[in-house]
$ cat final_14.cif   # mmCIF, C-alpha atoms
data_query
loop_
_atom_site.label_atom_id
_atom_site.label_comp_id
_atom_site.auth_asym_id
_atom_site.auth_seq_id
_atom_site.Cartn_x
_atom_site.Cartn_y
_atom_site.Cartn_z
CA SER A 1 0.00 0.00 0.00
CA ILE A 2 1.02 3.61 -0.42
CA HIS A 3 0.58 5.80 2.66
CA MET A 4 1.19 9.52 2.62
CA ASN A 5 0.48 11.92 5.41
CA GLU A 6 -2.01 13.94 3.40
CA ALA A 7 -5.01 13.36 5.67
CA ARG A 8 -3.61 9.87 6.34
CA SER A 9 -4.54 8.60 2.89
CA VAL A 10 -3.88 4.92 2.24
CA TYR A 11 -3.94 3.57 -1.30
CA PRO A 12 -4.20 -0.21 -1.72
CA GLU A 13 -1.75 -2.06 -3.93
CA GLY A 14 -2.77 -2.03 -7.57
CA SER A 15 -5.24 0.83 -7.16
CA PRO A 16 -5.09 3.65 -9.72
CA GLU A 17 -4.25 6.06 -6.89
CA ALA A 18 -1.27 3.99 -5.71
CA VAL A 19 0.02 3.45 -9.24
CA GLY A 20 -0.35 7.17 -10.00
CA ARG A 21 1.33 8.32 -6.79
CA LEU A 22 4.26 6.00 -7.37
CA PHE A 23 4.52 7.06 -11.01
CA ASN A 24 4.71 10.70 -9.89
CA LEU A 25 7.63 9.72 -7.63
CA GLY A 26 9.33 7.87 -10.50
CA LEU A 27 8.58 4.44 -8.99
CA SER A 28 6.48 1.34 -9.56
CA GLU A 29 4.88 -1.20 -7.26
CA GLU A 30 6.76 -3.95 -9.04
CA TRP A 31 10.17 -2.42 -8.25
CA LEU A 32 9.35 -2.02 -4.57
CA ARG A 33 7.89 -5.52 -4.27
CA ASN A 34 10.84 -7.07 -6.17
CA ALA A 35 13.33 -5.35 -3.85
CA ILE A 36 11.65 -6.84 -0.77
CA GLU A 37 11.32 -10.30 -2.34
CA TYR A 38 15.01 -10.27 -3.29
CA SER A 39 16.02 -9.59 0.30
CA LEU A 40 13.72 -12.26 1.73
CA SER A 41 15.61 -14.94 -0.17
CA TYR A 42 18.70 -13.99 1.84
CA SER A 43 16.97 -13.72 5.20
CA GLU A 44 15.29 -17.12 4.75
CA GLU A 45 18.75 -18.73 4.76
CA CYS A 46 19.27 -17.68 8.38
CA THR A 47 19.26 -20.41 11.02
CA PRO A 48 19.06 -20.31 14.83
CA ASN A 49 22.87 -20.23 14.77
CA ASP A 50 22.90 -16.78 13.15
CA PRO A 51 22.89 -13.71 15.41
CA PRO A 52 19.30 -12.76 16.33
CA SER A 53 19.32 -9.58 14.24
CA MET A 54 20.93 -11.13 11.12
CA ALA A 55 17.68 -11.74 9.18
CA GLY A 56 16.50 -8.16 9.73
CA TYR A 57 19.87 -6.75 8.79
CA LEU A 58 19.86 -8.79 5.58
CA ILE A 59 16.37 -7.62 4.66
CA TRP A 60 17.37 -3.98 5.20
CA GLY A 61 20.67 -4.23 3.35
CA LYS A 62 19.59 -6.40 0.44
CA THR A 63 16.35 -4.41 -0.10
CA THR A 64 18.42 -1.23 -0.24
CA ARG A 65 20.76 -2.87 -2.76
CA ALA A 66 17.95 -4.23 -4.96
CA LEU A 67 16.18 -0.87 -4.98
CA ARG A 68 19.40 0.89 -5.96
CA ASP A 69 20.18 -1.74 -8.63
CA GLU A 70 16.78 -1.00 -10.19
CA LEU A 71 16.77 2.79 -9.85
CA ILE A 72 20.37 3.91 -10.40
CA PRO A 73 20.25 3.09 -14.15
CA MET A 74 17.30 5.51 -14.31
CA GLY A 75 19.26 8.40 -12.83
CA TRP A 76 18.68 7.83 -9.11
CA THR A 77 21.74 7.94 -6.85
CA ALA A 78 22.93 6.03 -3.81
CA GLN A 79 23.73 8.39 -0.97
CA ASN A 80 24.93 7.44 2.50
CA PRO A 81 25.20 10.66 4.53
CA ARG A 82 26.19 9.85 8.11
CA ASN A 83 25.90 6.15 7.16
CA TYR A 84 22.17 6.66 6.45
CA ALA A 85 21.48 4.62 3.31
CA THR A 86 19.20 6.56 0.98
CA THR A 87 18.28 6.20 -2.68
CA VAL A 88 17.68 9.67 -4.14
CA SER A 89 15.65 10.63 -7.22
CA PRO A 90 17.30 12.31 -10.21
CA ALA A 91 15.85 15.70 -9.22
CA GLY A 92 16.98 15.23 -5.62
CA ASP A 93 13.48 15.86 -4.30
CA VAL A 94 12.71 12.31 -3.11
CA ALA A 95 14.80 9.99 -0.95
CA ILE A 96 13.86 6.44 0.04
CA VAL A 97 15.09 4.58 3.10
CA VAL A 98 14.28 0.98 4.00
CA ALA A 99 12.96 0.14 7.46
CA ALA A 100 11.22 -2.66 9.30
CA GLY A 101 7.62 -1.78 10.14
CA ASP A 102 5.23 -2.96 12.80
CA VAL A 103 2.11 -5.13 12.47
CA PHE A 104 0.12 -2.24 10.90
CA THR A 105 2.48 -1.98 7.90
CA GLY A 106 0.49 -2.32 4.68
CA ARG A 107 -2.88 -2.29 6.48
CA THR A 108 -5.63 0.30 6.67
CA ASP A 109 -6.84 -0.50 10.21
CA GLY A 110 -4.03 1.19 12.12
CA THR A 111 -1.16 3.61 11.94
CA PRO A 112 2.19 1.94 11.24
CA THR A 113 5.41 2.81 12.98
CA THR A 114 8.93 1.61 12.45
CA ARG A 115 9.83 -1.43 14.49
CA ASN A 116 12.96 0.21 15.85
CA GLU A 117 13.69 3.68 17.15
CA GLY A 118 15.39 5.93 14.62
CA GLY A 119 18.88 7.27 15.10
CA PRO A 120 19.99 10.90 14.67
CA ALA A 121 19.95 10.78 10.85
CA THR A 122 16.41 9.35 10.83
CA LYS A 123 15.26 12.03 13.27
CA ASP A 124 16.76 14.74 11.07
CA ALA A 125 15.11 13.32 7.92
CA VAL A 126 11.67 13.09 9.54
CA GLU A 127 11.91 16.56 11.06
CA PHE A 128 13.03 18.00 7.72
CA ASN A 129 9.94 16.44 6.11
CA GLN A 130 7.80 18.39 8.56
CA TYR A 131 9.35 21.74 7.69
CA GLN A 132 8.24 21.83 4.07
CA LEU A 133 6.31 25.08 4.34
CA SER A 134 4.71 24.70 0.92
CA ASP A 135 2.87 21.67 2.30
CA VAL A 136 1.47 23.69 5.20
CA SER A 137 0.30 26.62 3.14
CA LYS A 138 0.13 27.22 -0.59
CA ASP A 139 1.18 30.83 0.16
CA PHE A 140 4.75 29.64 0.60
CA PRO A 141 6.71 29.03 -2.59
CA SER A 142 7.53 25.41 -3.28
CA ILE A 143 11.14 24.51 -2.63
CA ARG A 144 12.34 21.38 -4.37
CA ALA A 145 13.63 20.08 -1.08
CA LYS A 146 14.16 16.40 -0.46
CA LYS A 147 11.40 14.43 1.23
CA THR A 148 12.37 11.12 2.76
CA TYR A 149 9.93 8.26 2.24
CA PHE A 150 10.18 5.00 4.15
CA LEU A 151 9.83 1.67 2.36
CA LEU A 152 8.44 -0.33 5.27
CA HIS A 153 8.28 -4.10 5.36
CA TYR A 154 6.62 -6.46 7.81
CA LYS A 155 7.14 -10.20 7.84
CA GLN A 156 4.62 -12.35 9.72
CA VAL A 157 5.87 -15.83 10.65
CA GLU A 158 4.35 -18.74 12.56
CA GLN A 159 5.93 -19.83 15.85
CA ASP A 160 7.62 -22.67 13.94
CA GLY A 161 9.25 -20.07 11.69
CA GLU A 162 7.05 -20.64 8.63
CA LEU A 163 6.44 -17.49 6.61
CA VAL A 164 2.77 -16.47 6.61
CA GLU A 165 2.73 -13.07 4.92
CA VAL A 166 4.93 -10.18 3.87
CA ARG A 167 3.48 -6.67 3.66
CA LEU A 168 5.13 -3.48 2.49
CA GLU A 169 4.29 0.14 2.01
CA LEU A 170 5.90 3.38 0.99
CA SER A 171 5.13 6.06 3.57
CA LEU A 172 5.94 9.67 4.20
CA PRO A 173 6.61 9.98 7.96
CA GLU A 174 4.41 12.22 10.07
CA GLY A 175 6.66 12.48 13.10
CA PHE A 176 7.56 10.38 16.10
CA ALA A 177 5.40 8.33 18.43
CA ASP A 178 5.82 8.83 22.18
CA ASN A 179 8.14 5.81 22.33
CA GLY A 180 10.55 7.29 19.76
CA LEU A 181 9.45 5.11 16.83
CA VAL A 182 8.83 6.82 13.50
CA ASP A 183 5.09 7.43 13.09
CA LEU A 184 3.96 6.86 9.55
#
$ encode --input "final_14.cif" --output "structure tokens"
Amino acid sequence: SIHMNEARSVYPEGSPEAVGRLFNLGLSEEWLRNAIEYSLSYSEECTPNDPPSMAGYLIWGKTTRALRDELIPMGWTAQNPRNYATTVSPAGDVAIVVAAGDVFTGRTDGTPTTRNEGGPATKDAVEFNQYQLSDVSKDFPSIRAKKTYFLLHYKQVEQDGELVEVRLELSLPEGFADNGLVDL
């Protein structure tokens, strides 16, 4: 699903609204889905002998790589300011970061958050998103400033480790929840 903070609009996968919004960002559902699926193949190879965070790290890293592999030939760039892995549009107005989401990722019946608290670079990116004055009032001139979207993923597994479902969404963060998680 595509979730943007404009009145908390959620657009289901495959809907004309989602396809149009992604097209306007220079993206497609297929590219986002393929990036997540690519990373899952790596995380599924993890065993109980791997460090507990290995599967999540692989999903984050390999999704970032797959997204960049798809988008860089189209003029996007890989940028890693302060070790914060972003994929930036040719115009520099859109950046995408990959993050694990909570149980509400890709659903319409709740507000998703990141699964982990963001570090200083995440906090700066989210706060910068909030200071786009042209979004608050049309009286302010539009500045082609970068907005950072989060490609969230959520993997539901059974207690025996069997994969049940994978959900993803591209969201523009609204701020931070009381517990420090990014509120999308």
$ resolve_selection --input "final_14.cif" --expression "the PyMOL selection byres ((chain A and resi 53-59) around 12)" --output "ChimeraX atom specification"
/A:35-52,60-67,98-101,115-116,151-155,166
$ resolve_selection --input "final_14.cif" --expression "the PyMOL selection byres ((chain A and resi 78-80) around 12)" --output "PyMOL selection string"
chain A and resi 64-77+81-90+92+94-97+121
$ atom_distance --input "final_14.cif" --atom1 "CA of Tyr149 (chain A)" --atom2 "CA of Leu22 (chain A)"
11.4 Å
$ axis_aligned_box --input "final_14.cif" --around "region 25-33 of chain A" --padding-each-side "6 Å" --output "AutoDock Vina command-line options"
--center_x 7.5 --center_y 2.1 --center_z -7.4 --size_x 17.3 --size_y 27.2 --size_z 18.2
$ residues_around --input "final_14.cif" --residues "Gly106 (chain A)" --least-positions-apart "4" --cutoff "12 Å" --atoms "all atoms listed in the file" --output "list of chain:residue names"
A:Ser1, A:Ile2, A:His3, A:Val10, A:Tyr11, A:Pro12, A:Glu13, A:Ala100, A:Gly101, A:Asp102, A:Gly110, A:Thr111, A:Pro112, A:Thr113, A:Leu151, A:Leu152, A:His153, A:Tyr154, A:Lys155, A:Gln156, A:Glu165, A:Val166, A:Arg167, A:Leu168, A:Glu169, A:Leu170, A:Ser171, A:Leu184
$ atom_distance --input "final_14.cif" --atom1 "CA of Leu172 (chain A)" --atom2 "CA of Phe150 (chain A)"
6.3 Å
$ atom_distance --input "final_14.cif" --atom1 "CA of Gly26 (chain A)" --atom2 "CA of Lys147 (chain A)"
13.6 Å
$ closest_residue --input "final_14.cif" --among "A:Ala91, A:Val103, A:Val157, A:Leu32" --to "Val19 (chain A)" --atoms "all atoms listed in the file"
A:Leu32
